[in-house]
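S.K.: Got a structure for you, questions after.
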Amino acid sequence: MASNETHHVLDRPTFDKPVKVLIVVAPYYKDIADQLVTGAVAEVEACGGWHEVVQVPGALEIPTAIGIAERLSNYDAYVALGCVIRGETTHYDTVCNDSSRGITLLGLQGLCIGNGILTVENYEQARVRAEAKGQNKGGGAAAAALHLLALERKWGGARKGVGFVPMGDEYRIAGGSKGPDIA
């Protein structure tokens, strides 16, 4: 059982500038979600960060909410929290795979995200993993987001766009090459 194993945990990152974290939680299993949030909030606050918690209906909506927040707000990092327990249908696989894929895609776009969506076989597995004074997967997800943010700030901070960027009726190549403007 994983709870009997020991794992290396990185030292908590430190920040020169304030940290603003959005915690997005799907409270379908509310007591599990509450424990995940408790762990995440404690981790953010331990590094001097500020947080906001928002709720969405289910795990599938978490990546969408984070994407909207990234476009319309100014958070430094994101924590995705929820719980999916295997049921009698293949819906479990869809929810697990698609929520994880959505979070991964956002991360590959440069967002600092910690994925704390539990995917378990039964309620007891969820309970053990969620407990803030136990395995604390909510705190672990927040720590992951904060570590990614620390790396982002170390390597240059501001996010840079990639690909094509419209410039009026023309495009330019990022970096200022001559010829047709392509970004």
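We label chains A, B, ... in the order they appear in the structure tokens, count residues from 1 in each chain, and number ligands from 1 in the order shown.
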Going by DSSP on the backbone, which bits of segment 28-183 of chain A are strand (DSSP E)? Write them as a PyMOL selection string, please.
M.R.: chain A and resi 50-55+77-85+113-120+166-167+170-171
S.K.: Which neighbours of Arg86 of chain A fall inside 8 Å, counting only C-alpha atoms, when residues of the same chain fewer than 3 positions from it are skipped, and could you give them as a PyMOL selection string?
M.R.: chain A and resi 92+119-122
S.K.: Identify which of the residues A:Cys83, A:Asn136, A:Thr94, A:Leu108 lies closest to Asp31 of chain A, counting only C-alpha atoms when measuring atom-to-atom distances.
M.R.: A:Cys83
S.K.: Give me the residues near Gly39 of chain A as number ranges by chain, where near means some atom within 9 Å (using only C-alpha atoms) and where sequence neighbours in that chain fewer than 4 positions away do not count.
M.R.: A: 34-35, 43-44, 130-133, 136-142
S.K.: Write the selection just made, keeping C-alpha atoms, as a short mmCIF file (atom, residue, chain, number, x, y, z; two decimals), in the first residue's frame?
M.R.:
```
data_model
loop_
_atom_site.label_atom_id
_atom_site.label_comp_id
_atom_site.auth_asym_id
_atom_site.auth_seq_id
_atom_site.Cartn_x
_atom_site.Cartn_y
_atom_site.Cartn_z
CA ASP A 34 -13.02 19.85 1.75
CA GLN A 35 -9.96 17.88 2.93
CA GLU A 43 0.45 24.85 1.52
CA VAL A 44 -0.22 28.13 -0.30
CA ALA A 130 -7.40 13.42 0.80
CA GLU A 131 -6.81 13.74 4.55
CA ALA A 132 -4.88 16.95 5.15
CA LYS A 133 -3.12 15.29 8.12
CA ASN A 136 -2.50 15.30 1.88
CA LYS A 137 -2.85 15.11 -1.90
CA GLY A 138 -4.40 18.60 -1.90
CA GLY A 139 -1.28 20.01 -0.28
CA GLY A 140 0.84 18.02 -2.72
CA ALA A 141 -1.02 19.49 -5.69
CA ALA A 142 -0.53 23.01 -4.34
#
```
S.K.: Give me every alpha helix (DSSP H) residue in chain A, going by DSSP on the backbone, as JSON, numbers by chain.
M.R.: {"A": [30, 31, 32, 33, 34, 35, 36, 37, 38, 39, 40, 41, 42, 43, 44, 45, 46, 62, 63, 64, 65, 66, 67, 68, 69, 70, 71, 72, 91, 92, 93, 94, 95, 96, 97, 98, 99, 100, 101, 102, 103, 104, 105, 106, 107, 108, 123, 124, 125, 126, 127, 128, 129, 130, 137, 138, 139, 140, 141, 142, 143, 144, 145, 146, 147, 148, 149, 150, 151, 152, 153, 154]}
S.K.: Give me the residues near segment 21-28 of chain A as a PyMOL selection string, where near means some atom within 6 Å (using only C-alpha atoms) and where sequence neighbours in that chain fewer than 2 positions away do not count.
M.R.: chain A and resi 30+33+51-59+75-82
S.K.: Write a file of the just-selected residues containing C-alpha atoms, as a compact mmCIF listing (two decimals), in the first residue's frame.
M.R.:
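File result_31.txt, as written:
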```
# COMPACT_ATOMS: atom_id res chain seq x y z
CA LYS A 30 -17.82 17.24 -0.55
CA ALA A 33 -13.06 17.93 -1.55
CA HIS A 51 -5.49 32.14 -2.71
CA GLU A 52 -9.03 32.08 -3.97
CA VAL A 53 -11.21 28.96 -4.06
CA VAL A 54 -13.89 28.47 -6.72
CA GLN A 55 -16.19 25.51 -7.23
CA VAL A 56 -17.24 23.84 -10.47
CA PRO A 57 -19.80 21.04 -10.98
CA GLY A 58 -17.37 18.23 -11.75
CA ALA A 59 -13.83 17.22 -12.67
CA TYR A 75 -3.33 34.27 -11.18
CA ASP A 76 0.24 33.00 -10.93
CA ALA A 77 -0.62 29.34 -10.40
CA TYR A 78 -3.56 26.94 -10.29
CA VAL A 79 -4.56 23.94 -8.21
CA ALA A 80 -7.07 21.42 -9.59
CA LEU A 81 -8.91 19.44 -6.91
CA GLY A 82 -11.63 16.81 -7.03
```
S.K.: A:Arg101, A:Arg129, A:Arg71, A:His147: which is nearest Gly116 of chain A, counting only C-alpha atoms?
M.R.: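 For Gly116 of chain A, the nearest of the candidates is A:Arg129.
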S.K.: What gap, in Å, lies between atom CA of Val41 of chain A and atom CA of Ala143 of chain A?
M.R.: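 That distance, rounded to one decimal, is 10.2 Å.
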S.K.: Let me make sure I understand: among A:Glu5, A:Glu152, A:Glu88, A:Asp98, which one has the smallest atom-to-atom distance to Ile113 of chain A if we use only C-alpha atoms?
M.R.: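 Of all the options, A:Glu152 lies closest to Ile113 of chain A.
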S.K.: Compare A:Gly156, A:Gly134, A:Gly48, A:Pro63 by their minimum atom-to-atom distance to Asn115 of chain A, counting only C-alpha atoms, and give me the closest one.
M.R.: A:Pro63
